[in-house]
Amino acid sequence: MAHIHLEDGSFSLLWVAVWWIAAVVLIGIAIYLVRSEKKPDRRKITLAAFCTAAAFAIFQVSLPIFGGVHLNLTPLIGILVGPAAGSLVVLIINILSAAIGHGGWGLIGANTLVNIVEVGIGYAMFRMLRSAIPDLFSRAGIATIIGLFCGNIVMVLIVIVSGVQGVNQSPSQILTGLSLIAALNMGVAVIEAFITGLIVAYIGKVRPDLLSGERP
Amino acid sequence: MTEPGAIKGRLAFLALFLLVLVTALAAYQLSGEMGIEERFTQAVGLEGGGDAEEGGGWFGFALEGNPLLYGVVLGVLVLGIILTFCYSRI
């Protein structure tokens with residue numbers, strides 16, 4: 001998964017504000033879309049609650065792989081609850097994570113943007129590949145890898161565009177370093193893809209009605 | 001699982017899986033062993049190397065952030081799930 005692991009003060013106040021405003025705009029659109037549904041979907045609300053707790057729980061656990069990494073299940077959130085509700089879920093997870101000391105408050109905006117991309121692309125790929133790949137496990141896995149890849153690109157772009165205060169590295173040096181992190185993150189993405197594939201395939205088997213648009 | 005679509009999907013997933021894994025292992029060889037925060041601060045050129053991952057935990061699994069707050073927040077979220085589940089009965 002992609003997450004900007006920098007402390008508060010790494011970005012200038014201007015860029016903290018820019019990413020916060022961008023995230024607030026997207027969250028505003030997500031709230032509008034969720035509220036515009038004629039009738040509240042109770043299943044989706046319950047699934048969103050499950051996703052929030054599960055993703056929060058797993059996000060704080062550092063796995064002993066590649067020196068210490070963690071999962072966050074963002075594409076799974078997108079697949080299960082869609083991009084609108086999923087955007088709200090990742091915002092809550094980022095706020096709660098900062099509240100317990102995992103991540104800076106000023107980076108919540110930027111990290112929420114990264115996670116919204118993962119949620120949105122994961123959801124979109126899962127839907128778009130429906131006719132080409134009917135198998136739920138493979139489709140969810142592929143959607144997860146592509147979603148997390150796009151999230152990594154956004155993460156790198158945000159850091160490059162913002163710049164990091166108090167360092168003398170050129171953007172190309174930062175790009176090189178962050179590209180290695182993105183590649184490592186993708187190693188974790190394959191684990192996340194496998195887990196997401198198993199979960200989606202299982203839900204498709206026992207409760208296909210929870211996967212909107214999928215045939216029982 | 002013998003449908004052509006399923007086999008095609010599994011093969012595509014396997015190919016992507018292997019490609020990404022090989023790339024990640026190559027990146028790991030290049031960058032060496034370090035925690036994610038340490039890796040991040042070094043990548044952007046910050047001094048101090050970030051907060052190195054603490055040893056210990058359970059078989060290498062460690063919690064990031066305050067463990068007490070983690071338990072409290074997770075407990076509240078689980079309570080929220082139970083209430084939502086009772087309310088919606090999905």
# chains A, B, ... in the order shown; residues from 1 in each chain; ligands from 1

$ residues_around --residues "Ala12 (chain B)" --least-positions-apart "2" --cutoff "10 Å" --atoms "only C-alpha atoms" --output "number ranges by chain"
A: 133, 138-139, 141-142; B: 6-10, 14-17

$ write_last_selection --atoms "C-alpha atoms" --output "PDB file, in the first residue's frame"
ATOM      1  CA  ILE A 133     -12.168 -11.995 -16.246  1.00  0.00           C
ATOM      2  CA  SER A 138      -8.208 -13.162 -10.206  1.00  0.00           C
ATOM      3  CA  ARG A 139     -10.219 -10.054 -11.006  1.00  0.00           C
ATOM      4  CA  GLY A 141      -6.316  -9.528  -7.301  1.00  0.00           C
ATOM      5  CA  ILE A 142      -5.551  -7.761 -10.573  1.00  0.00           C
TER       6      ILE A 142
ATOM      7  CA  ALA B   6     -11.211 -18.405 -15.175  1.00  0.00           C
ATOM      8  CA  ILE B   7      -7.986 -19.919 -16.474  1.00  0.00           C
ATOM      9  CA  LYS B   8      -7.218 -16.753 -18.431  1.00  0.00           C
ATOM     10  CA  GLY B   9      -7.825 -14.672 -15.313  1.00  0.00           C
ATOM     11  CA  ARG B  10      -5.623 -16.873 -13.131  1.00  0.00           C
ATOM     12  CA  LEU B  14      -0.042 -15.052 -11.871  1.00  0.00           C
ATOM     13  CA  ALA B  15       1.947 -13.143 -14.512  1.00  0.00           C
ATOM     14  CA  LEU B  16       1.281  -9.819 -12.803  1.00  0.00           C
ATOM     15  CA  PHE B  17       2.016 -11.365  -9.398  1.00  0.00           C
TER      16      PHE B  17
END

$ residues_around --residues "region 21-34 of chain B" --least-positions-apart "4" --cutoff "12 Å" --atoms "only C-alpha atoms" --output "VMD selection string"
(chain A and resid 64 to 69 145 176 to 191 193) or (chain B and resid 13 to 17 38 to 43 49 to 55)

$ select_by_dssp --residues "region 8-192 of chain A" --states "helix (DSSP H, G or I)" --output "PyMOL selection string"
chain A and resi 13-35+42-59+74-99+105-128+136-162+171-192

$ residues_around --residues "Gly147 (chain A)" --least-positions-apart "4" --cutoff "6 Å" --atoms "only C-alpha atoms" --output "list of chain:residue names"
A:Glu118, A:Ile121, A:Gly122, A:Ala143

$ closest_atom_pairs --of "region 74-128 of chain A" --to "region 62-74 of chain B" --cutoff "7 Å" --atoms "only C-alpha atoms" --output "JSON lines"
{"residue": "A:Ile100", "atom": "CA", "partner": "B:Gly65", "partner_atom": "CA", "distance": 5.3}
{"residue": "A:Gly101", "atom": "CA", "partner": "B:Gly65", "partner_atom": "CA", "distance": 4.4}
{"residue": "A:His102", "atom": "CA", "partner": "B:Gly65", "partner_atom": "CA", "distance": 4.7}

$ residues_around --residues "region 47-52 of chain A" --least-positions-apart "3" --cutoff "10 Å" --atoms "only C-alpha atoms" --output "PDB file with N, CA, C and O atoms, in the first residue's frame"
ATOM      1  N   ARG A  42     -28.491  -0.024   3.686  1.00  0.00           N
ATOM      2  CA  ARG A  42     -28.022  -0.511   4.998  1.00  0.00           C
ATOM      3  C   ARG A  42     -26.873  -1.506   4.862  1.00  0.00           C
ATOM      4  O   ARG A  42     -25.980  -1.550   5.700  1.00  0.00           O
ATOM      5  N   ARG A  43     -26.941  -2.318   3.806  1.00  0.00           N
ATOM      6  CA  ARG A  43     -25.863  -3.295   3.616  1.00  0.00           C
ATOM      7  C   ARG A  43     -24.532  -2.587   3.397  1.00  0.00           C
ATOM      8  O   ARG A  43     -23.502  -2.977   3.940  1.00  0.00           O
ATOM      9  N   LYS A  44     -24.601  -1.513   2.589  1.00  0.00           N
ATOM     10  CA  LYS A  44     -23.365  -0.791   2.298  1.00  0.00           C
ATOM     11  C   LYS A  44     -22.828  -0.100   3.554  1.00  0.00           C
ATOM     12  O   LYS A  44     -21.613  -0.058   3.792  1.00  0.00           O
ATOM     13  N   ALA A  55      -9.691  -2.419   8.163  1.00  0.00           N
ATOM     14  CA  ALA A  55      -8.565  -1.714   7.554  1.00  0.00           C
ATOM     15  C   ALA A  55      -7.769  -0.949   8.610  1.00  0.00           C
ATOM     16  O   ALA A  55      -6.537  -0.911   8.552  1.00  0.00           O
ATOM     17  N   PHE A  56      -8.471  -0.342   9.573  1.00  0.00           N
ATOM     18  CA  PHE A  56      -7.754   0.360  10.655  1.00  0.00           C
ATOM     19  C   PHE A  56      -6.893  -0.631  11.433  1.00  0.00           C
ATOM     20  O   PHE A  56      -5.715  -0.354  11.718  1.00  0.00           O
ATOM     21  N   ALA A  57      -7.478  -1.777  11.759  1.00  0.00           N
ATOM     22  CA  ALA A  57      -6.755  -2.773  12.558  1.00  0.00           C
ATOM     23  C   ALA A  57      -5.493  -3.245  11.843  1.00  0.00           C
ATOM     24  O   ALA A  57      -4.415  -3.312  12.437  1.00  0.00           O
ATOM     25  N   LEU A  73      -5.648  -2.522   2.641  1.00  0.00           N
ATOM     26  CA  LEU A  73      -6.881  -3.061   2.058  1.00  0.00           C
ATOM     27  C   LEU A  73      -7.742  -2.025   1.332  1.00  0.00           C
ATOM     28  O   LEU A  73      -8.957  -2.206   1.232  1.00  0.00           O
ATOM     29  N   THR A  74      -7.145  -0.960   0.828  1.00  0.00           N
ATOM     30  CA  THR A  74      -7.954   0.074   0.161  1.00  0.00           C
ATOM     31  C   THR A  74      -8.701  -0.420  -1.090  1.00  0.00           C
ATOM     32  O   THR A  74      -9.879  -0.089  -1.239  1.00  0.00           O
ATOM     33  N   LEU A  76      -9.842  -3.341  -1.636  1.00  0.00           N
ATOM     34  CA  LEU A  76     -10.954  -4.169  -1.139  1.00  0.00           C
ATOM     35  C   LEU A  76     -12.107  -3.271  -0.680  1.00  0.00           C
ATOM     36  O   LEU A  76     -13.275  -3.573  -0.942  1.00  0.00           O
ATOM     37  N   ILE A  77     -11.774  -2.166  -0.033  1.00  0.00           N
ATOM     38  CA  ILE A  77     -12.803  -1.216   0.397  1.00  0.00           C
ATOM     39  C   ILE A  77     -13.573  -0.708  -0.829  1.00  0.00           C
ATOM     40  O   ILE A  77     -14.803  -0.654  -0.832  1.00  0.00           O
ATOM     41  N   GLY A  78     -12.832  -0.350  -1.880  1.00  0.00           N
ATOM     42  CA  GLY A  78     -13.465   0.135  -3.103  1.00  0.00           C
ATOM     43  C   GLY A  78     -14.383  -0.910  -3.721  1.00  0.00           C
ATOM     44  O   GLY A  78     -15.500  -0.606  -4.138  1.00  0.00           O
ATOM     45  N   LEU A  80     -15.879  -3.440  -2.261  1.00  0.00           N
ATOM     46  CA  LEU A  80     -17.031  -3.787  -1.425  1.00  0.00           C
ATOM     47  C   LEU A  80     -18.031  -2.651  -1.247  1.00  0.00           C
ATOM     48  O   LEU A  80     -19.243  -2.888  -1.227  1.00  0.00           O
ATOM     49  N   VAL A  81     -17.550  -1.423  -1.086  1.00  0.00           N
ATOM     50  CA  VAL A  81     -18.501  -0.335  -0.792  1.00  0.00           C
ATOM     51  C   VAL A  81     -18.538   0.756  -1.855  1.00  0.00           C
ATOM     52  O   VAL A  81     -19.333   1.686  -1.750  1.00  0.00           O
ATOM     53  N   GLY A  82     -17.689   0.659  -2.863  1.00  0.00           N
ATOM     54  CA  GLY A  82     -17.684   1.653  -3.935  1.00  0.00           C
ATOM     55  C   GLY A  82     -16.795   2.840  -3.604  1.00  0.00           C
ATOM     56  O   GLY A  82     -16.372   3.016  -2.459  1.00  0.00           O
ATOM     57  N   ALA A  85     -18.460   5.870  -0.816  1.00  0.00           N
ATOM     58  CA  ALA A  85     -18.399   5.481   0.600  1.00  0.00           C
ATOM     59  C   ALA A  85     -16.963   5.104   0.988  1.00  0.00           C
ATOM     60  O   ALA A  85     -16.514   5.382   2.107  1.00  0.00           O
ATOM     61  N   GLY A  86     -16.238   4.508   0.036  1.00  0.00           N
ATOM     62  CA  GLY A  86     -14.852   4.115   0.300  1.00  0.00           C
ATOM     63  C   GLY A  86     -13.958   5.310   0.601  1.00  0.00           C
ATOM     64  O   GLY A  86     -13.046   5.226   1.431  1.00  0.00           O
ATOM     65  N   LEU A  88     -14.870   8.008   2.137  1.00  0.00           N
ATOM     66  CA  LEU A  88     -15.145   8.401   3.532  1.00  0.00           C
ATOM     67  C   LEU A  88     -14.449   7.442   4.497  1.00  0.00           C
ATOM     68  O   LEU A  88     -13.917   7.863   5.523  1.00  0.00           O
ATOM     69  N   VAL A  89     -14.443   6.167   4.129  1.00  0.00           N
ATOM     70  CA  VAL A  89     -13.798   5.159   4.987  1.00  0.00           C
ATOM     71  C   VAL A  89     -12.294   5.466   5.127  1.00  0.00           C
ATOM     72  O   VAL A  89     -11.759   5.473   6.235  1.00  0.00           O
ATOM     73  N   VAL A  90     -11.628   5.760   4.002  1.00  0.00           N
ATOM     74  CA  VAL A  90     -10.175   5.995   4.089  1.00  0.00           C
ATOM     75  C   VAL A  90      -9.856   7.296   4.826  1.00  0.00           C
ATOM     76  O   VAL A  90      -8.828   7.394   5.505  1.00  0.00           O
ATOM     77  N   LEU A  91     -10.744   8.284   4.714  1.00  0.00           N
ATOM     78  CA  LEU A  91     -10.529   9.519   5.489  1.00  0.00           C
ATOM     79  C   LEU A  91     -10.578   9.207   6.985  1.00  0.00           C
ATOM     80  O   LEU A  91      -9.702   9.641   7.754  1.00  0.00           O
ATOM     81  N   ILE A  92     -11.587   8.435   7.387  1.00  0.00           N
ATOM     82  CA  ILE A  92     -11.720   8.081   8.813  1.00  0.00           C
ATOM     83  C   ILE A  92     -10.488   7.305   9.282  1.00  0.00           C
ATOM     84  O   ILE A  92      -9.945   7.568  10.355  1.00  0.00           O
ATOM     85  N   ILE A  93     -10.037   6.358   8.462  1.00  0.00           N
ATOM     86  CA  ILE A  93      -8.869   5.549   8.848  1.00  0.00           C
ATOM     87  C   ILE A  93      -7.630   6.435   9.008  1.00  0.00           C
ATOM     88  O   ILE A  93      -6.865   6.293   9.966  1.00  0.00           O
ATOM     89  N   LEU A 210     -23.802  -9.241  -1.686  1.00  0.00           N
ATOM     90  CA  LEU A 210     -23.014  -8.137  -1.128  1.00  0.00           C
ATOM     91  C   LEU A 210     -22.071  -7.525  -2.153  1.00  0.00           C
ATOM     92  O   LEU A 210     -21.523  -6.449  -1.944  1.00  0.00           O
TER      93      LEU A 210
ATOM     94  N   LEU B  74      -9.954   0.622  18.319  1.00  0.00           N
ATOM     95  CA  LEU B  74     -10.459  -0.608  17.698  1.00  0.00           C
ATOM     96  C   LEU B  74     -11.693  -1.126  18.445  1.00  0.00           C
ATOM     97  O   LEU B  74     -12.658  -1.581  17.824  1.00  0.00           O
ATOM     98  N   LEU B  77     -14.610   0.929  17.394  1.00  0.00           N
ATOM     99  CA  LEU B  77     -15.026   0.568  16.029  1.00  0.00           C
ATOM    100  C   LEU B  77     -15.802  -0.757  16.023  1.00  0.00           C
ATOM    101  O   LEU B  77     -16.811  -0.895  15.326  1.00  0.00           O
ATOM    102  N   VAL B  78     -15.328  -1.716  16.800  1.00  0.00           N
ATOM    103  CA  VAL B  78     -16.013  -3.012  16.867  1.00  0.00           C
ATOM    104  C   VAL B  78     -17.416  -2.827  17.464  1.00  0.00           C
ATOM    105  O   VAL B  78     -18.397  -3.406  16.987  1.00  0.00           O
ATOM    106  N   GLY B  80     -19.171  -0.150  17.233  1.00  0.00           N
ATOM    107  CA  GLY B  80     -19.930   0.486  16.147  1.00  0.00           C
ATOM    108  C   GLY B  80     -20.429  -0.539  15.143  1.00  0.00           C
ATOM    109  O   GLY B  80     -21.566  -0.466  14.663  1.00  0.00           O
ATOM    110  N   ILE B  81     -19.579  -1.520  14.830  1.00  0.00           N
ATOM    111  CA  ILE B  81     -19.972  -2.578  13.888  1.00  0.00           C
ATOM    112  C   ILE B  81     -21.144  -3.372  14.455  1.00  0.00           C
ATOM    113  O   ILE B  81     -22.127  -3.646  13.754  1.00  0.00           O
ATOM    114  N   ILE B  82     -21.042  -3.733  15.733  1.00  0.00           N
ATOM    115  CA  ILE B  82     -22.111  -4.540  16.359  1.00  0.00           C
ATOM    116  C   ILE B  82     -23.434  -3.773  16.305  1.00  0.00           C
ATOM    117  O   ILE B  82     -24.477  -4.335  15.939  1.00  0.00           O
ATOM    118  N   LEU B  83     -23.385  -2.482  16.639  1.00  0.00           N
ATOM    119  CA  LEU B  83     -24.607  -1.669  16.614  1.00  0.00           C
ATOM    120  C   LEU B  83     -25.162  -1.559  15.194  1.00  0.00           C
ATOM    121  O   LEU B  83     -26.354  -1.714  14.970  1.00  0.00           O
ATOM    122  N   THR B  84     -24.252  -1.307  14.234  1.00  0.00           N
ATOM    123  CA  THR B  84     -24.686  -1.191  12.840  1.00  0.00           C
ATOM    124  C   THR B  84     -25.266  -2.511  12.343  1.00  0.00           C
ATOM    125  O   THR B  84     -26.276  -2.541  11.640  1.00  0.00           O
ATOM    126  N   PHE B  85     -24.624  -3.598  12.726  1.00  0.00           N
ATOM    127  CA  PHE B  85     -25.075  -4.923  12.290  1.00  0.00           C
ATOM    128  C   PHE B  85     -26.457  -5.239  12.870  1.00  0.00           C
ATOM    129  O   PHE B  85     -27.343  -5.742  12.167  1.00  0.00           O
ATOM    130  N   ILE B  90     -28.108  -7.342   7.987  1.00  0.00           N
ATOM    131  CA  ILE B  90     -27.852  -7.744   6.589  1.00  0.00           C
ATOM    132  C   ILE B  90     -27.698  -9.264   6.499  1.00  0.00           C
ATOM    133  O   ILE B  90     -27.318  -9.905   7.440  1.00  0.00           O
TER     134      ILE B  90
END

$ closest_residue --among "A:Val61, A:Phe126, A:Leu198, A:Glu192" --to "chain B" --atoms "only C-alpha atoms"
A:Val61

$ residues_around --residues "Gly166 (chain A)" --least-positions-apart "6" --cutoff "12 Å" --atoms "only C-alpha atoms" --output "MDAnalysis selection string"
(chainID A and resid 9:12) or (chainID B and resid 41 44:47)

$ atom_distance --atom1 "CA of Val119 (chain A)" --atom2 "CA of Ser88 (chain B)"
24.1 Å

$ atom_distance --atom1 "CA of Ala110 (chain A)" --atom2 "CA of Trp19 (chain A)"
5.0 Å

$ atom_distance --atom1 "CA of Asn94 (chain A)" --atom2 "CA of His3 (chain A)"
9.8 Å

$ select_by_dssp --residues "region 25-79 of chain B" --states "strand (DSSP E or B)" --output "PyMOL selection string"
chain B and resi 58+61-63

$ write_last_selection --atoms "N, CA, C and O atoms" --output "tab-separated table (two decimals), in the first residue's frame"
chain	number	residue	atom	x	y	z
B	58	TRP	N	5.54	-9.42	18.04
B	58	TRP	CA	5.27	-10.85	18.04
B	58	TRP	C	5.77	-11.43	16.72
B	58	TRP	O	5.19	-11.17	15.68
B	61	PHE	N	6.02	-9.02	14.03
B	61	PHE	CA	4.85	-8.18	13.81
B	61	PHE	C	4.82	-7.14	14.94
B	61	PHE	O	4.88	-7.50	16.12
B	62	ALA	N	4.74	-5.87	14.58
B	62	ALA	CA	4.76	-4.82	15.61
B	62	ALA	C	3.66	-3.80	15.32
B	62	ALA	O	3.23	-3.63	14.18
B	63	LEU	N	3.19	-3.15	16.39
B	63	LEU	CA	2.15	-2.13	16.23
B	63	LEU	C	2.80	-0.77	16.01
B	63	LEU	O	3.79	-0.45	16.66

$ closest_residue --among "A:Ser170, A:Ser36, A:Ser97, A:Asn111" --to "Ala23 (chain A)" --atoms "only C-alpha atoms"
A:Asn111
